[in-house]
Structures are given as structure tokens and as C-alpha cells.
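Here the structure comes first, spelled out in C-alpha cells, and everything after it is commentary.
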Amino acid sequence: MTRIVAGAAGGSTLVSVPGEGTRPTTDRVKEALFSRLESMNMLADTRVLDLYAGSGSLGAESASRGAKSVELVEFNDKAAAVCQLNAELVNKVLGSKVVTVQRSKVETFLARTAEAALEQWDLVFMDPPYPLTEAELSVVLELLAPQLSHFAVVIVERSARTPEPTWPAGLTGLAHKKYGETRLWFAEPVTETAGVEPSTD
């Protein structure tokens, strides 16, 4: 069972994706992550993109805590349907259509949004399946980088055993944190310092 931790929809129970095809972010990691983001003022009025969204819990949490807009991108049919249910739940509580869902491959979605040539994302969550290779992840990061606002933050959730992502031109790694078998990698556009202190374990 997954719940929204805090904010306008805090305490709401989210629908989980059936089966074992997705890997939900644990409550411990989610609470630590959002505490950090709130200390950075990275939630209120931000434009959020949740790639490989799974159940959409990270995007839903962002909306509950004041994000201006949240886009959930998920290709798996069952997971995308769950994203839609959770988006509707949060939107109902908020009284506004803050969360929307795109059933799409991440690469296809980013290629399509790149055509608008806009710096449109302030906060991006990426929790790809562990089998995704480092080369495939690099391609996604390269597509994403030109679409970020100057003060954006990108968070990549990976197995603690995988290496640091290869950041493309336009993005620089600035912090990471290990939680058991999970490691969060933080990055930002090279043109702006978002103020995340470097950290290692």
C-alpha cells in the first residue's frame, strides 16, 4: 500500500501496479527525497515530469505538495492505467487537473516534446527499470537536457550497484545518496547552480 505522505492530498491511498513488473520507490526513500526537495524550494509552482512513472506516486506526491503541473509518462498498459487512477484521485482532491498521464515510451515522449523547443521542466524524476542499460539511460538524458529550465533538478533512481549516469552536455551531476539497495543521483543544468550540496556515502 502506497500513500501520499504530505500536502493537500496527504494520507490519500494510491493504487499500486499489480504484479512484480514495477519497482515502487519505498516510503523511506520518498520521504527523504521530498524532505530534501522542500528544503530546496523545488516543489511549489514547479513543472514536474515523472518518467517511467510506474504508479505515478512521485508525481502525485509533487502535486500534493504544490507543483503547478505534473506529467506522468508510462508505457506499460497496466501501469499507465494505474497512473490515470492516481492522477484522477489527486486532481479531485486539488479541485484542478494538475496531473496528466501520457502512455508512451520515454524516448518517444521526449522526442515529441523536443519539437516545441521549450525549456519546460523544473523537476524531473527518472526511475527506470534496473535492466535499462547505461547507454539507453544516456540517450534519454541527452533528449531531456535541452528541455529543462535553468534552475531544474533531475533525480535518477538506480540500483546502488550501478555507476553514476553519464551526464550529457548541458547536465552536471552534483549529489548522490544511498538508501539500502537504492541510490538517488541528482543533476542540474550546467548554466545554473541549484544549490544542492555535493554528498557521498
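By order in the C-alpha cells, chains are A, B, ...; within a chain, residues start at 1; ligands start at 1, following the order shown.
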Show which residues sit within 8 Å of stretch 45-59 of chain A, as a compact mmCIF listing (two decimals) with N, CA and C atoms, in the first residue's frame. Count only C-alpha atoms, and ignore same-chain residues fewer than 3 positions away.
# COMPACT_ATOMS: atom_id res chain seq x y z
N THR A 2 0.60 2.16 -0.90
CA THR A 2 1.36 3.39 -1.01
C THR A 2 0.45 4.57 -0.70
N ILE A 4 0.18 9.01 -0.18
CA ILE A 4 0.80 10.32 -0.32
C ILE A 4 1.18 10.79 1.07
N LEU A 14 -2.86 5.48 -2.61
CA LEU A 14 -2.71 5.36 -4.06
C LEU A 14 -2.90 3.91 -4.49
N VAL A 15 -3.37 3.73 -5.71
CA VAL A 15 -3.48 2.40 -6.31
C VAL A 15 -2.08 1.93 -6.69
N SER A 16 -1.79 0.66 -6.45
CA SER A 16 -0.50 0.10 -6.81
C SER A 16 -0.62 -0.70 -8.10
N VAL A 17 0.50 -0.82 -8.81
CA VAL A 17 0.51 -1.60 -10.06
C VAL A 17 0.53 -3.08 -9.69
N THR A 22 6.90 -3.67 -11.84
CA THR A 22 7.40 -2.34 -11.49
C THR A 22 8.07 -2.39 -10.13
N ARG A 23 8.88 -1.38 -9.85
CA ARG A 23 9.64 -1.33 -8.60
C ARG A 23 9.32 -0.01 -7.91
N PRO A 24 8.30 0.01 -7.02
CA PRO A 24 7.91 1.28 -6.42
C PRO A 24 9.01 1.85 -5.53
N LYS A 30 11.16 7.93 -0.46
CA LYS A 30 10.29 9.02 -0.89
C LYS A 30 10.25 10.13 0.15
N MET A 42 11.89 23.29 -4.26
CA MET A 42 11.76 22.73 -5.61
C MET A 42 10.39 22.10 -5.88
N SER A 62 4.31 15.16 -5.65
CA SER A 62 4.69 16.52 -6.06
C SER A 62 3.45 17.41 -6.20
N ALA A 63 2.41 16.87 -6.81
CA ALA A 63 1.17 17.64 -6.98
C ALA A 63 0.57 17.99 -5.63
N GLY A 66 2.21 20.98 -4.02
CA GLY A 66 2.15 22.31 -4.60
C GLY A 66 2.69 22.50 -6.00
N ALA A 67 3.06 21.41 -6.70
CA ALA A 67 3.54 21.56 -8.08
C ALA A 67 2.45 22.17 -8.95
N LYS A 68 2.87 22.98 -9.91
CA LYS A 68 1.93 23.64 -10.82
C LYS A 68 1.34 22.66 -11.82
N SER A 69 2.18 21.78 -12.35
CA SER A 69 1.73 20.78 -13.31
C SER A 69 2.61 19.55 -13.18
N VAL A 70 2.03 18.39 -13.43
CA VAL A 70 2.75 17.12 -13.33
C VAL A 70 2.38 16.25 -14.52
N GLU A 71 3.38 15.77 -15.23
CA GLU A 71 3.17 14.87 -16.36
C GLU A 71 3.74 13.50 -16.00
N LEU A 72 2.89 12.48 -16.04
CA LEU A 72 3.32 11.11 -15.78
C LEU A 72 3.49 10.39 -17.11
N VAL A 73 4.67 9.83 -17.35
CA VAL A 73 4.94 9.13 -18.61
C VAL A 73 5.21 7.67 -18.30
N GLU A 74 4.37 6.80 -18.85
CA GLU A 74 4.48 5.37 -18.58
C GLU A 74 4.00 4.60 -19.80
N PHE A 75 4.77 3.59 -20.23
CA PHE A 75 4.44 2.83 -21.44
C PHE A 75 3.64 1.58 -21.14
N ALA A 79 0.40 -0.23 -15.80
CA ALA A 79 0.94 0.88 -15.01
C ALA A 79 0.32 2.21 -15.44
N ALA A 80 0.16 2.40 -16.76
CA ALA A 80 -0.45 3.65 -17.24
C ALA A 80 -1.88 3.80 -16.75
N VAL A 82 -3.04 2.59 -13.95
CA VAL A 82 -2.92 2.93 -12.53
C VAL A 82 -2.55 4.40 -12.37
N CYS A 83 -1.64 4.87 -13.22
CA CYS A 83 -1.29 6.29 -13.21
C CYS A 83 -2.54 7.16 -13.39
N ASN A 86 -4.61 7.23 -10.20
CA ASN A 86 -3.99 8.05 -9.16
C ASN A 86 -4.02 9.53 -9.52
N ALA A 87 -3.88 9.82 -10.81
CA ALA A 87 -3.98 11.22 -11.25
C ALA A 87 -5.38 11.76 -10.97
N VAL A 99 -2.41 16.91 -12.62
CA VAL A 99 -1.69 15.71 -13.05
C VAL A 99 -2.30 15.15 -14.33
N VAL A 106 9.36 6.54 -23.07
CA VAL A 106 10.01 7.78 -22.63
C VAL A 106 10.73 8.46 -23.78
N GLN A 120 10.90 23.44 -20.47
CA GLN A 120 9.58 23.32 -19.87
C GLN A 120 9.52 22.53 -18.58
N TRP A 121 10.62 21.92 -18.14
CA TRP A 121 10.56 21.10 -16.93
C TRP A 121 11.47 21.68 -15.85
N ASP A 122 10.94 21.77 -14.63
CA ASP A 122 11.70 22.28 -13.49
C ASP A 122 12.21 21.16 -12.59
N LEU A 123 11.48 20.06 -12.55
CA LEU A 123 11.81 18.93 -11.68
C LEU A 123 11.48 17.66 -12.43
N VAL A 124 12.47 16.78 -12.56
CA VAL A 124 12.28 15.54 -13.32
C VAL A 124 12.68 14.35 -12.46
N PHE A 125 11.76 13.38 -12.35
CA PHE A 125 12.05 12.11 -11.69
C PHE A 125 12.25 11.05 -12.76
N MET A 126 13.30 10.26 -12.62
CA MET A 126 13.54 9.15 -13.53
C MET A 126 13.82 7.90 -12.70
N ASP A 127 12.91 6.95 -12.76
CA ASP A 127 13.08 5.69 -12.03
C ASP A 127 12.96 4.55 -13.03
N PRO A 128 13.95 4.44 -13.93
CA PRO A 128 13.85 3.42 -14.98
C PRO A 128 14.01 2.02 -14.42
N PRO A 129 13.51 1.02 -15.13
CA PRO A 129 13.73 -0.36 -14.69
C PRO A 129 15.21 -0.66 -14.62
- Query: Where does DSSP see strand (DSSP E or B) in stretch 117-181 of chain A, if you list the residues as a list in words?
  - Reply: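 Matching residues for strand (DSSP E or B) in stretch 117-181 of chain A are Trp121, Asp122, Leu123, Val124, Phe125, Met126, Leu148, Ser149, His150, Phe151, Ala152, Val153, Val154, Ile155, Val156, Glu157, Arg158, Ser159, Leu171, Thr172, Gly173, Leu174, Ala175, His176, Lys177, Lys178 and Tyr179 of chain A.
From atom CA of A:Arg65 back to atom CA of A:Lys178, the distance works out to 23.8 Å.
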Q.
Nearest residue to A:Val98 out of A:Tyr130, A:Gly180, A:Arg112, A:Ala60, using only C-alpha atoms?
A.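 Smallest distance to A:Val98 is found for A:Ala60.
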Backbone-only DSSP, helix (DSSP H, G or I) members of stretch 35-87 of chain A, as an MDAnalysis selection string: chainID A and resid 35:39 57:64 77:87
Worksheet item: Leaving out A:Gly95 and any residue of its chain fewer than 4 positions from it, which residues lie within 12 Å of it when counting only C-alpha atoms, given as a PyMOL selection string?
Response: chain A and resi 8-9+63-64+87-91+99
Mind dumping the selected residues with all heavy atoms as a PDB file, in the first residue's frame?
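Result written to out.pdb:
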ATOM      1  N   ALA A   8      -1.680  18.690   0.285  1.00  0.00           N
ATOM      2  CA  ALA A   8      -3.136  18.785   0.210  1.00  0.00           C
ATOM      3  C   ALA A   8      -3.809  17.418   0.171  1.00  0.00           C
ATOM      4  O   ALA A   8      -4.905  17.244   0.694  1.00  0.00           O
ATOM      5  CB  ALA A   8      -3.537  19.595  -1.021  1.00  0.00           C
ATOM      6  N   ALA A   9      -3.154  16.449  -0.467  1.00  0.00           N
ATOM      7  CA  ALA A   9      -3.716  15.097  -0.568  1.00  0.00           C
ATOM      8  C   ALA A   9      -3.025  14.124   0.382  1.00  0.00           C
ATOM      9  O   ALA A   9      -3.128  12.909   0.216  1.00  0.00           O
ATOM     10  CB  ALA A   9      -3.612  14.591  -2.003  1.00  0.00           C
ATOM     11  N   ALA A  63       2.407  16.872  -6.815  1.00  0.00           N
ATOM     12  CA  ALA A  63       1.173  17.643  -6.982  1.00  0.00           C
ATOM     13  C   ALA A  63       0.568  17.987  -5.628  1.00  0.00           C
ATOM     14  O   ALA A  63       0.114  19.112  -5.397  1.00  0.00           O
ATOM     15  CB  ALA A  63       0.184  16.855  -7.833  1.00  0.00           C
ATOM     16  N   SER A  64       0.559  17.019  -4.720  1.00  0.00           N
ATOM     17  CA  SER A  64       0.014  17.249  -3.391  1.00  0.00           C
ATOM     18  C   SER A  64       0.758  18.360  -2.668  1.00  0.00           C
ATOM     19  O   SER A  64       0.163  19.117  -1.892  1.00  0.00           O
ATOM     20  CB  SER A  64       0.079  15.949  -2.577  1.00  0.00           C
ATOM     21  OG  SER A  64      -0.424  16.138  -1.266  1.00  0.00           O
ATOM     22  N   ALA A  87      -3.879   9.823 -10.814  1.00  0.00           N
ATOM     23  CA  ALA A  87      -3.983  11.216 -11.255  1.00  0.00           C
ATOM     24  C   ALA A  87      -5.376  11.759 -10.967  1.00  0.00           C
ATOM     25  O   ALA A  87      -5.532  12.894 -10.464  1.00  0.00           O
ATOM     26  CB  ALA A  87      -3.674  11.319 -12.746  1.00  0.00           C
ATOM     27  N   GLU A  88      -6.399  10.962 -11.267  1.00  0.00           N
ATOM     28  CA  GLU A  88      -7.770  11.405 -11.025  1.00  0.00           C
ATOM     29  C   GLU A  88      -8.028  11.614  -9.538  1.00  0.00           C
ATOM     30  O   GLU A  88      -8.714  12.564  -9.140  1.00  0.00           O
ATOM     31  CB  GLU A  88      -8.752  10.377 -11.606  1.00  0.00           C
ATOM     32  CG  GLU A  88      -8.743  10.355 -13.142  1.00  0.00           C
ATOM     33  CD  GLU A  88      -9.510   9.180 -13.709  1.00  0.00           C
ATOM     34  OE1 GLU A  88     -10.065   8.370 -12.919  1.00  0.00           O
ATOM     35  OE2 GLU A  88      -9.557   9.050 -14.952  1.00  0.00           O
ATOM     36  N   LEU A  89      -7.462  10.740  -8.704  1.00  0.00           N
ATOM     37  CA  LEU A  89      -7.621  10.869  -7.259  1.00  0.00           C
ATOM     38  C   LEU A  89      -7.044  12.202  -6.767  1.00  0.00           C
ATOM     39  O   LEU A  89      -7.707  12.958  -6.041  1.00  0.00           O
ATOM     40  CB  LEU A  89      -6.929   9.695  -6.561  1.00  0.00           C
ATOM     41  CG  LEU A  89      -6.987   9.607  -5.036  1.00  0.00           C
ATOM     42  CD1 LEU A  89      -6.866   8.155  -4.590  1.00  0.00           C
ATOM     43  CD2 LEU A  89      -5.864  10.422  -4.362  1.00  0.00           C
ATOM     44  N   VAL A  90      -5.811  12.496  -7.169  1.00  0.00           N
ATOM     45  CA  VAL A  90      -5.151  13.722  -6.720  1.00  0.00           C
ATOM     46  C   VAL A  90      -5.844  14.956  -7.291  1.00  0.00           C
ATOM     47  O   VAL A  90      -6.061  15.949  -6.580  1.00  0.00           O
ATOM     48  CB  VAL A  90      -3.664  13.711  -7.105  1.00  0.00           C
ATOM     49  CG1 VAL A  90      -2.986  15.030  -6.742  1.00  0.00           C
ATOM     50  CG2 VAL A  90      -2.940  12.558  -6.411  1.00  0.00           C
ATOM     51  N   ASN A  91      -6.188  14.903  -8.564  1.00  0.00           N
ATOM     52  CA  ASN A  91      -6.854  16.045  -9.194  1.00  0.00           C
ATOM     53  C   ASN A  91      -8.186  16.357  -8.506  1.00  0.00           C
ATOM     54  O   ASN A  91      -8.557  17.531  -8.353  1.00  0.00           O
ATOM     55  CB  ASN A  91      -7.083  15.782 -10.680  1.00  0.00           C
ATOM     56  CG  ASN A  91      -5.790  15.799 -11.477  1.00  0.00           C
ATOM     57  OD1 ASN A  91      -4.795  16.381 -11.054  1.00  0.00           O
ATOM     58  ND2 ASN A  91      -5.807  15.160 -12.639  1.00  0.00           N
ATOM     59  N   VAL A  99      -2.414  16.906 -12.619  1.00  0.00           N
ATOM     60  CA  VAL A  99      -1.689  15.710 -13.054  1.00  0.00           C
ATOM     61  C   VAL A  99      -2.299  15.154 -14.328  1.00  0.00           C
ATOM     62  O   VAL A  99      -3.509  14.915 -14.398  1.00  0.00           O
ATOM     63  CB  VAL A  99      -1.702  14.617 -11.963  1.00  0.00           C
ATOM     64  CG1 VAL A  99      -0.806  13.445 -12.367  1.00  0.00           C
ATOM     65  CG2 VAL A  99      -1.265  15.186 -10.615  1.00  0.00           C
TER      66      VAL A  99
END
- Counting only C-alpha atoms, what is within 10 Å of stretch 165-169 of chain A, bar same-chain residues fewer than 6 positions away, as a list of chain:residue names? A:Glu134, A:Ala135, A:Leu137, A:Ser138, A:Val139, A:Val140, A:Leu141, A:Glu142, A:Leu143, A:Leu144, A:Ala145, A:Pro146, A:Val156, A:Arg158, A:Trp185, A:Phe186, A:Ala187, A:Glu188, A:Pro189, A:Val190
